[in-house]
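Listing of start34.cif, mmCIF, C-alpha atoms and all ligand atoms
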data_coords
loop_
_atom_site.group_PDB
_atom_site.id
_atom_site.type_symbol
_atom_site.label_atom_id
_atom_site.label_comp_id
_atom_site.auth_asym_id
_atom_site.auth_seq_id
_atom_site.Cartn_x
_atom_site.Cartn_y
_atom_site.Cartn_z
ATOM 1 C CA MET Z 77 118.767 130.465 131.006
ATOM 2 C CA MET Z 78 115.131 130.184 132.005
ATOM 3 C CA THR Z 79 113.817 132.225 134.862
ATOM 4 C CA ASP Z 80 111.703 130.842 137.668
ATOM 5 C CA THR Z 81 108.649 132.546 136.275
ATOM 6 C CA ILE Z 82 108.575 130.712 132.979
ATOM 7 C CA TYR Z 83 108.263 127.192 134.226
ATOM 8 C CA HIS Z 84 106.493 127.759 137.490
ATOM 9 C CA GLN Z 85 103.788 130.126 136.484
ATOM 10 C CA ALA Z 86 103.596 130.475 132.740
ATOM 11 C CA GLY Z 87 102.033 133.749 131.712
ATOM 12 C CA ALA Z 88 102.128 135.227 135.190
ATOM 13 C CA ALA Z 89 102.100 138.997 135.215
ATOM 14 C CA THR Z 90 104.578 139.343 138.037
ATOM 15 C CA PRO Z 91 107.578 137.140 138.765
ATOM 16 C CA ILE Z 92 107.260 134.881 141.795
ATOM 17 C CA ALA Z 93 110.025 134.278 144.257
ATOM 18 C CA GLY Z 94 111.789 130.927 143.971
ATOM 19 C CA ASN Z 95 110.714 128.434 146.612
ATOM 20 C CA ASP Z 96 112.921 126.654 149.126
ATOM 21 C CA LEU Z 97 113.263 123.592 146.897
ATOM 22 C CA GLU Z 98 114.687 125.675 144.055
ATOM 23 C CA THR Z 99 116.869 127.666 146.390
ATOM 24 C CA ALA Z 100 118.382 124.469 147.781
ATOM 25 C CA PHE Z 101 118.882 122.622 144.486
ATOM 26 C CA LYS Z 102 120.275 125.653 142.661
ATOM 27 C CA ALA Z 103 122.703 126.566 145.430
ATOM 28 C CA VAL Z 104 124.027 123.021 145.845
ATOM 29 C CA GLY Z 105 123.969 122.452 142.062
ATOM 30 C CA THR Z 106 126.359 125.354 141.556
ATOM 31 C CA ARG Z 107 128.841 123.676 143.892
ATOM 32 C CA PHE Z 108 128.632 120.499 141.795
ATOM 33 C CA GLY Z 109 129.223 122.437 138.556
ATOM 34 C CA TYR Z 110 125.673 122.715 137.195
ATOM 35 C CA ASP Z 111 124.704 126.060 135.698
ATOM 36 C CA GLU Z 112 121.081 125.278 134.906
ATOM 37 C CA VAL Z 113 118.959 123.520 137.491
ATOM 38 C CA ARG Z 114 115.249 122.833 137.330
ATOM 39 C CA VAL Z 115 113.396 121.142 140.128
ATOM 40 C CA ASP Z 116 109.808 120.361 140.964
ATOM 41 C CA TYR Z 117 107.872 118.159 143.323
ATOM 42 C CA ALA Z 118 106.310 114.956 142.008
ATOM 43 C CA SER Z 119 103.600 112.788 143.594
ATOM 44 C CA TYR Z 120 105.323 109.424 143.532
ATOM 45 C CA LYS Z 121 103.859 106.777 145.797
ATOM 46 C CA GLU Z 122 107.265 105.822 147.144
ATOM 47 C CA PHE Z 123 109.756 108.284 148.535
ATOM 48 C CA LYS Z 124 111.823 108.648 145.385
ATOM 49 C CA SER Z 125 113.256 111.290 143.130
ATOM 50 C CA THR Z 126 114.277 111.207 139.486
ATOM 51 C CA TRP Z 127 116.546 113.381 137.359
ATOM 52 C CA ARG Z 128 117.677 114.031 133.803
ATOM 53 C CA ARG Z 129 121.091 115.390 133.088
ATOM 54 C CA CYS Z 130 122.599 116.940 129.987
ATOM 55 C CA GLY Z 131 126.090 118.369 130.383
ATOM 56 C CA THR Z 132 125.856 121.075 133.017
ATOM 57 C CA LYS Z 133 122.058 121.158 132.914
ATOM 58 C CA ILE Z 134 119.994 119.024 135.228
ATOM 59 C CA SER Z 135 116.332 118.704 136.106
ATOM 60 C CA PHE Z 136 114.865 116.908 139.103
ATOM 61 C CA GLU Z 137 111.506 115.596 140.151
ATOM 62 C CA VAL Z 138 111.627 115.362 143.920
ATOM 63 C CA SER Z 139 109.258 113.375 146.120
ATOM 64 C CA ASP Z 140 106.541 115.708 147.347
ATOM 65 C CA TYR Z 141 106.809 114.072 150.769
ATOM 66 C CA LEU Z 142 109.559 116.668 151.262
ATOM 67 C CA ARG Z 143 107.146 119.546 150.744
ATOM 68 C CA ASN Z 144 107.296 121.856 153.780
ATOM 69 C CA ALA Z 145 110.644 120.438 154.887
ATOM 70 C CA PRO Z 146 112.962 123.081 156.380
ATOM 71 C CA LEU Z 147 115.384 124.683 153.908
ATOM 72 C CA GLU Z 148 118.447 123.141 155.562
ATOM 73 C CA VAL Z 149 116.922 119.667 155.180
ATOM 74 C CA LEU Z 150 116.298 120.328 151.474
ATOM 75 C CA VAL Z 151 119.907 121.492 151.128
ATOM 76 C CA ASP Z 152 121.123 118.240 152.709
ATOM 77 C CA PHE Z 153 118.825 116.209 150.474
ATOM 78 C CA ALA Z 154 120.027 118.051 147.361
ATOM 79 C CA HIS Z 155 123.606 117.398 148.426
ATOM 80 C CA ALA Z 156 122.901 113.684 148.928
ATOM 81 C CA LEU Z 157 121.379 113.433 145.424
ATOM 82 C CA TYR Z 158 124.114 115.375 143.607
ATOM 83 C CA GLU Z 159 126.729 113.389 145.443
ATOM 84 C CA ARG Z 160 125.053 110.123 144.512
ATOM 85 C CA ILE Z 161 124.859 111.192 140.854
ATOM 86 C CA GLU Z 162 128.556 112.074 140.929
ATOM 87 C CA ARG Z 163 129.453 108.685 142.429
ATOM 88 C CA ARG Z 164 127.093 106.869 139.995
ATOM 89 C CA SER Z 165 125.899 104.898 142.980
ATOM 90 C CA SER Z 166 122.508 103.476 143.841
ATOM 91 C CA VAL Z 167 122.935 104.374 147.497
ATOM 92 C CA CYS Z 168 122.279 107.837 148.880
ATOM 93 C CA HIS Z 169 124.231 109.005 151.923
ATOM 94 C CA TYR Z 170 121.929 111.059 154.118
ATOM 95 C CA SER Z 171 123.206 113.546 156.667
ATOM 96 C CA ASP Z 172 122.237 113.058 160.307
ATOM 97 C CA ARG Z 173 120.030 116.143 160.059
ATOM 98 C CA LEU Z 174 118.190 114.724 157.044
ATOM 99 C CA LYS Z 175 117.803 111.320 158.727
ATOM 100 C CA ALA Z 176 116.493 112.967 161.893
ATOM 101 C CA TYR Z 177 113.897 114.843 159.836
ATOM 102 C CA LEU Z 178 112.817 111.709 157.926
ATOM 103 C CA GLU Z 179 112.486 109.781 161.192
ATOM 104 C CA SER Z 180 110.625 112.587 162.956
ATOM 105 C CA ASP Z 181 106.982 112.463 163.988
ATOM 106 C CA VAL Z 182 106.531 115.680 161.994
ATOM 107 C CA PHE Z 183 107.554 113.987 158.730
ATOM 108 C CA VAL Z 184 105.447 110.876 159.369
ATOM 109 C CA GLY Z 185 102.500 112.984 160.557
ATOM 110 C CA ARG Z 186 102.594 115.044 157.372
ATOM 111 C CA ASN Z 187 102.931 112.159 154.951
ATOM 112 C CA GLN Z 188 101.701 108.843 156.294
ATOM 113 C CA ALA Z 189 98.031 109.338 155.351
ATOM 114 C CA THR Z 190 98.997 110.400 151.815
ATOM 115 C CA TYR Z 191 101.256 107.369 151.433
ATOM 116 C CA VAL Z 192 98.484 105.024 152.585
ATOM 117 C CA LYS Z 193 96.034 106.684 150.186
ATOM 118 C CA ARG Z 194 98.484 106.204 147.301
ATOM 119 C CA SER Z 195 98.936 102.528 148.224
ATOM 120 C CA ARG Z 196 96.000 101.136 146.305
ATOM 121 C CA ASN Z 197 96.330 97.631 147.707
ATOM 122 C CA LEU Z 198 95.672 98.613 151.325
ATOM 123 C CA THR Z 199 92.280 98.396 153.032
ATOM 124 C CA ARG Z 200 93.423 101.342 155.194
ATOM 125 C CA SER Z 201 92.229 99.529 158.284
ATOM 126 C CA PRO Z 202 93.716 97.147 160.857
ATOM 127 C CA ARG Z 203 90.325 95.469 161.222
ATOM 128 C CA GLY Z 204 89.895 92.413 159.048
ATOM 129 C CA ARG Z 205 87.017 89.973 158.644
ATOM 130 C CA HIS Z 206 88.532 87.758 161.298
ATOM 131 C CA LEU Z 207 91.454 89.485 162.992
ATOM 132 C CA ASP Z 208 92.186 93.000 164.251
ATOM 133 C CA LEU Z 209 95.874 93.762 163.642
ATOM 134 C CA ARG Z 210 95.746 96.441 166.327
ATOM 135 C CA GLU Z 211 94.958 93.784 168.928
ATOM 136 C CA THR Z 212 97.682 91.513 167.564
ATOM 137 C CA TYR Z 213 100.135 94.410 167.769
ATOM 138 C CA GLU Z 214 99.121 95.255 171.330
ATOM 139 C CA ALA Z 215 99.543 91.621 172.369
ATOM 140 C CA LEU Z 216 103.093 91.585 170.916
ATOM 141 C CA VAL Z 217 103.954 94.783 172.781
ATOM 142 C CA ALA Z 218 102.398 93.501 176.025
ATOM 143 C CA ARG Z 219 104.520 90.327 175.806
ATOM 144 C CA GLY Z 220 107.650 92.459 175.329
ATOM 145 C CA MET Z 221 108.316 91.026 171.831
ATOM 146 C CA VAL Z 222 108.518 94.479 170.205
ATOM 147 C CA PRO Z 223 108.781 98.011 171.564
ATOM 148 C CA PRO Z 224 105.737 100.224 170.972
ATOM 149 C CA SER Z 225 105.760 101.684 167.435
ATOM 150 C CA GLU Z 226 104.036 104.984 168.065
ATOM 151 C CA GLY Z 227 101.951 106.098 165.131
ATOM 152 C CA ALA Z 228 102.410 102.930 163.085
ATOM 153 C CA SER Z 229 99.675 102.386 160.495
ATOM 154 C CA LEU Z 230 98.605 98.721 160.358
ATOM 155 C CA ASN Z 231 96.696 97.575 157.282
ATOM 156 C CA TRP Z 232 95.338 94.486 155.624
ATOM 157 C CA THR Z 233 95.904 94.242 151.873
ATOM 158 C CA ARG Z 234 92.981 94.165 149.445
ATOM 159 C CA SER Z 235 94.357 91.291 147.396
ATOM 160 C CA GLU Z 236 95.250 87.970 148.986
ATOM 161 C CA ASN Z 237 98.969 87.961 148.275
ATOM 162 C CA ARG Z 238 100.428 84.485 148.660
ATOM 163 C CA MET Z 239 104.145 85.094 148.241
ATOM 164 C CA ARG Z 240 104.476 88.575 149.653
ATOM 165 C CA VAL Z 241 102.539 88.031 152.866
ATOM 166 C CA GLY Z 242 103.766 91.176 154.577
ATOM 167 C CA TYR Z 243 105.668 94.335 153.776
ATOM 168 C CA CYS Z 244 106.321 97.694 155.296
ATOM 169 C CA SER Z 245 107.529 101.207 154.691
ATOM 170 C CA VAL Z 246 109.952 101.967 157.495
ATOM 171 C CA LEU Z 247 110.003 105.603 156.405
ATOM 172 C CA MET Z 248 106.212 106.030 156.591
ATOM 173 C CA ARG Z 249 105.743 103.573 159.474
ATOM 174 C CA VAL Z 250 103.183 101.666 157.440
ATOM 175 C CA VAL Z 251 102.737 97.903 157.690
ATOM 176 C CA ALA Z 252 100.717 95.750 155.293
ATOM 177 C CA ILE Z 253 99.687 92.159 155.985
ATOM 178 C CA SER Z 254 98.191 89.976 153.270
ATOM 179 C CA SER Z 255 94.474 89.396 153.768
ATOM 180 C CA LEU Z 256 95.168 85.780 152.805
ATOM 181 C CA LEU Z 257 96.108 85.393 156.486
ATOM 182 C CA ASP Z 258 92.871 86.974 157.706
ATOM 183 C CA ASN Z 259 91.111 83.633 157.708
ATOM 184 C CA GLU Z 260 89.775 81.504 160.542
ATOM 185 C CA LYS Z 261 91.425 78.447 158.988
ATOM 186 C CA VAL Z 262 94.830 80.057 159.459
ATOM 187 C CA PRO Z 263 96.006 79.995 163.094
ATOM 188 C CA ASP Z 264 96.278 83.498 164.585
ATOM 189 C CA PHE Z 265 99.974 83.004 165.297
ATOM 190 C CA VAL Z 266 100.730 83.092 161.541
ATOM 191 C CA PRO Z 267 99.574 86.691 160.879
ATOM 192 C CA GLU Z 268 101.025 87.559 164.283
ATOM 193 C CA TYR Z 269 104.403 86.199 163.201
ATOM 194 C CA VAL Z 270 104.289 88.146 159.912
ATOM 195 C CA LEU Z 271 103.299 91.328 161.763
ATOM 196 C CA TYR Z 272 106.122 90.663 164.231
ATOM 197 C CA HIS Z 273 108.583 90.433 161.305
ATOM 198 C CA GLU Z 274 107.429 93.789 159.894
ATOM 199 C CA LEU Z 275 107.507 95.468 163.314
ATOM 200 C CA LEU Z 276 111.132 94.347 163.690
ATOM 201 C CA HIS Z 277 111.874 96.284 160.477
ATOM 202 C CA LEU Z 278 110.198 99.397 161.926
ATOM 203 C CA ASP Z 279 112.251 98.938 165.081
ATOM 204 C CA ASP Z 280 115.482 98.708 163.030
ATOM 205 C CA GLY Z 281 114.708 102.096 161.467
ATOM 206 C CA LEU Z 282 116.019 103.518 158.202
ATOM 207 C CA SER Z 283 119.006 101.792 156.632
ATOM 208 C CA GLU Z 284 121.127 103.058 153.767
ATOM 209 C CA GLY Z 285 122.001 99.738 152.221
ATOM 210 C CA ARG Z 286 119.712 97.070 150.871
ATOM 211 C CA ARG Z 287 120.447 94.485 153.539
ATOM 212 C CA HIS Z 288 117.411 94.273 155.773
ATOM 213 C CA HIS Z 289 117.512 90.610 156.772
ATOM 214 C CA THR Z 290 120.828 90.570 158.580
ATOM 215 C CA PRO Z 291 121.876 87.576 160.714
ATOM 216 C CA GLU Z 292 120.908 89.642 163.785
ATOM 217 C CA PHE Z 293 117.481 90.223 162.273
ATOM 218 C CA ARG Z 294 117.037 86.483 161.638
ATOM 219 C CA LEU Z 295 117.978 85.749 165.237
ATOM 220 C CA ARG Z 296 115.364 88.153 166.536
ATOM 221 C CA GLU Z 297 112.811 86.734 164.120
ATOM 222 C CA ARG Z 298 113.352 83.286 165.611
ATOM 223 C CA GLN Z 299 112.527 84.561 169.060
ATOM 224 C CA HIS Z 300 108.897 84.350 168.073
ATOM 225 C CA PRO Z 301 107.635 81.219 169.891
ATOM 226 C CA GLN Z 302 105.966 79.851 166.736
ATOM 227 C CA TRP Z 303 108.420 80.921 164.051
ATOM 228 C CA ARG Z 304 108.976 77.378 162.801
ATOM 229 C CA GLU Z 305 105.275 76.497 162.620
ATOM 230 C CA SER Z 306 104.568 79.887 161.046
ATOM 231 C CA GLU Z 307 107.247 79.482 158.375
ATOM 232 C CA ASP Z 308 105.839 76.038 157.643
ATOM 233 C CA TRP Z 309 102.320 77.459 157.304
ATOM 234 C CA LEU Z 310 103.548 80.224 154.988
ATOM 235 C CA LYS Z 311 105.292 77.659 152.770
ATOM 236 C CA ARG Z 312 102.161 75.546 152.531
ATOM 237 C CA LEU Z 313 100.009 78.610 151.831
ATOM 238 C CA ALA Z 314 102.401 79.731 149.085
ATOM 239 C CA ALA Z 315 102.241 76.250 147.543
ATOM 240 C CA ARG Z 316 98.421 76.240 147.790
ATOM 241 C CA ARG Z 317 98.575 73.156 149.972
ATOM 242 C CA VAL Z 318 95.986 74.559 152.400
ATOM 243 C CA ASP Z 319 92.265 74.604 151.717
ATOM 244 C CA LEU Z 320 91.029 78.014 152.858
ATOM 245 C CA ALA Z 321 87.581 77.859 151.293
HETATM 246 ZN ZN ZN Z 401 111.509 91.506 155.936
#
Give the structure from this file in structure tokens form.
Amino acid sequence: MMTDTIYHQAGAATPIAGNDLETAFKAVGTRFGYDEVRVDYASYKEFKSTWRRCGTKISFEVSDYLRNAPLEVLVDFAHALYERIERRSSVCHYSDRLKAYLESDVFVGRNQATYVKRSRNLTRSPRGRHLDLRETYEALVARGMVPPSEGASLNWTRSENRMRVGYCSVLMRVVAISSLLDNEKVPDFVPEYVLYHELLHLDDGLSEGRRHHTPEFRLRERQHPQWRESEDWLKRLAARRVDLA
């Protein structure tokens, strides 16, 4: 069995103590029957982890957004991963403690800027050529359409996406709106409606399953006064039936 020293600090004169990540994954791995566990952080853009398994040996690459997480959170995360591997499922069950950490201002504060930097398609600014998303957001909050999303990062995209006009990372509280909509020929209510949609996702918080557009979500979406006109605009924009030049 390899020691910590060999793969963490090849050629080091003195052995280094295992870090919290190793401590967590080795301890939980033993409970799941693994006798050789290797784990390292990896700089994925998304919050994801990968693993390779061979019999009772397993090696992980864990999202470096968990760097500096408390040991007990890493233990819970390790447990969620091992358990998911055992169930051969695509869904990870997070403990309340792990969820609380991922939804904390500490986690977002540590990682949001890195996530935005790794998202190459973001302008990293709410200010567009025509519209300031910050002002749009504040107007939505002032009208009581959405609760304040403290610390949300609002960005225009670099490319003018036609089909994917908005997306968000609920985990990182990052919203992206296609710069296609940052155009004086597009009524302001269209980007506002798309931003509203993404802010509803932030308000819903983290979900374990893949169902984000529930019937309840669709009902809330339709509370936007111009949802029908906006949807119509988005369809025409997607079909290139609007002259934006
Ligand atoms: Zn959505």
What is the distance, in Å and to one decimal place, between atom CA of Z:Trp127 and atom CA of Z:Ser139?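 Calculated distance between atom CA of Z:Trp127 and atom CA of Z:Ser139 is 11.4 Å.
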What lies within 12 Å of Z:Ala176 using only C-alpha atoms, ignoring chain neighbours under 2 positions off, as a compact mmCIF listing (two decimals) with C-alpha atoms, keeping the file's coordinate frame?
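What ended up in selection-v7.txt:
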# COMPACT_ATOMS: atom_id res chain seq x y z
CA ALA Z 145 110.64 120.44 154.89
CA VAL Z 149 116.92 119.67 155.18
CA ASP Z 152 121.12 118.24 152.71
CA TYR Z 170 121.93 111.06 154.12
CA SER Z 171 123.21 113.55 156.67
CA ASP Z 172 122.24 113.06 160.31
CA ARG Z 173 120.03 116.14 160.06
CA LEU Z 174 118.19 114.72 157.04
CA LEU Z 178 112.82 111.71 157.93
CA GLU Z 179 112.49 109.78 161.19
CA SER Z 180 110.62 112.59 162.96
CA ASP Z 181 106.98 112.46 163.99
CA VAL Z 182 106.53 115.68 161.99
CA PHE Z 183 107.55 113.99 158.73
CA VAL Z 184 105.45 110.88 159.37
CA LEU Z 247 110.00 105.60 156.40
CA GLY Z 281 114.71 102.10 161.47
CA LEU Z 282 116.02 103.52 158.20
Would you mind listing what lies within 8 Å of stretch 215-229 of chain Z as a PDB file with C-alpha atoms, in the frame of the given file, with all atoms listed in the file counted and same-chain residues fewer than 5 positions away left out?
ATOM      1  CA  GLN Z 188     101.701 108.843 156.294  1.00  0.00           C
ATOM      2  CA  PRO Z 202      93.716  97.147 160.857  1.00  0.00           C
ATOM      3  CA  ARG Z 249     105.743 103.573 159.474  1.00  0.00           C
ATOM      4  CA  VAL Z 250     103.183 101.666 157.440  1.00  0.00           C
ATOM      5  CA  VAL Z 251     102.737  97.903 157.690  1.00  0.00           C
ATOM      6  CA  TYR Z 272     106.122  90.663 164.231  1.00  0.00           C
ATOM      7  CA  LEU Z 275     107.507  95.468 163.314  1.00  0.00           C
ATOM      8  CA  LEU Z 276     111.132  94.347 163.690  1.00  0.00           C
ATOM      9  CA  LEU Z 278     110.198  99.397 161.926  1.00  0.00           C
ATOM     10  CA  ASP Z 279     112.251  98.938 165.081  1.00  0.00           C
ATOM     11  CA  HIS Z 300     108.897  84.350 168.073  1.00  0.00           C
TER      12      HIS Z 300
END
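You can rank Z:Arg316, Z:Arg240, Z:His169, Z:Arg203 by their closest distance to Z:Phe153 using all atoms listed in the file, and at the top of that list sits Z:His169.
Within 12 Å of Z:Arg317, once all atoms listed in the file are used and residues closer than 6 positions along the same chain are dropped, the contacting residues are Arg238, Asp308, Trp309, Leu310 and Lys311 of chain Z.
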Quick one: apply the PyMOL selection byres (((not hetatm)) within 8 of (chain Z and resi 401)) to the file and drop the selected residues here as JSON, numbers by chain. {"Z": [242, 243, 273, 274, 277, 288, 289]}
Find the residues around Z:Asn237 up to 9 Å (all atoms listed in the file counted), leave out those fewer than 6 positions away in its own chain, and share them as a VMD selection string. chain Z and resid 253 to 256 314
Residues near Z:Asp140, anyone? I mean within 12 Å using all atoms listed in the file, not counting same-chain ones fewer than 4 positions away, as a CSV table (one decimal) with C-alpha atoms, keeping the file's coordinate frame.
chain,number,residue,atom,x,y,z
Z,97,LEU,CA,113.3,123.6,146.9
Z,115,VAL,CA,113.4,121.1,140.1
Z,116,ASP,CA,109.8,120.4,141.0
Z,117,TYR,CA,107.9,118.2,143.3
Z,118,ALA,CA,106.3,115.0,142.0
Z,119,SER,CA,103.6,112.8,143.6
Z,120,TYR,CA,105.3,109.4,143.5
Z,121,LYS,CA,103.9,106.8,145.8
Z,122,GLU,CA,107.3,105.8,147.1
Z,123,PHE,CA,109.8,108.3,148.5
Z,124,LYS,CA,111.8,108.6,145.4
Z,125,SER,CA,113.3,111.3,143.1
Z,126,THR,CA,114.3,111.2,139.5
Z,136,PHE,CA,114.9,116.9,139.1
Z,144,ASN,CA,107.3,121.9,153.8
Z,145,ALA,CA,110.6,120.4,154.9
Z,150,LEU,CA,116.3,120.3,151.5
Z,183,PHE,CA,107.6,114.0,158.7
Z,186,ARG,CA,102.6,115.0,157.4
Z,187,ASN,CA,102.9,112.2,155.0
Z,190,THR,CA,99.0,110.4,151.8
Z,191,TYR,CA,101.3,107.4,151.4
Which residues match the PyMOL selection byres (((chain Z and resi 96) around 10) and not hetatm) in the file above, as a count of residues only? 17
Using only C-alpha atoms, which of Z:Leu313, Z:Trp232, Z:Leu271, Z:Thr290 sits nearest Z:Ser195?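 Checking each candidate against Z:Ser195, we get Z:Trp232 as the closest.
In this structure, atom CA of Z:Tyr158 sits 13.2 Å away from atom CA of Z:Arg114.
Closest approach to Z:Ala156 among Z:Val241, Z:Cys130, Z:Val270, Z:Val104 is made by Z:Val104 (distances from only C-alpha atoms).
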Choose the residue, out of Z:His155, Z:Arg298, Z:Arg129, Z:His206, that has the smallest atom-to-atom separation from Z:Glu260; count all atoms listed in the file.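 Closest to Z:Glu260 of all the choices is Z:His206.
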Would you mind telling me which residue in Z:Arg234, Z:Arg128, Z:Lys175, Z:Arg107 lies nearest to Z:Arg205 when using only C-alpha atoms?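 Nearest to Z:Arg205: Z:Arg234.
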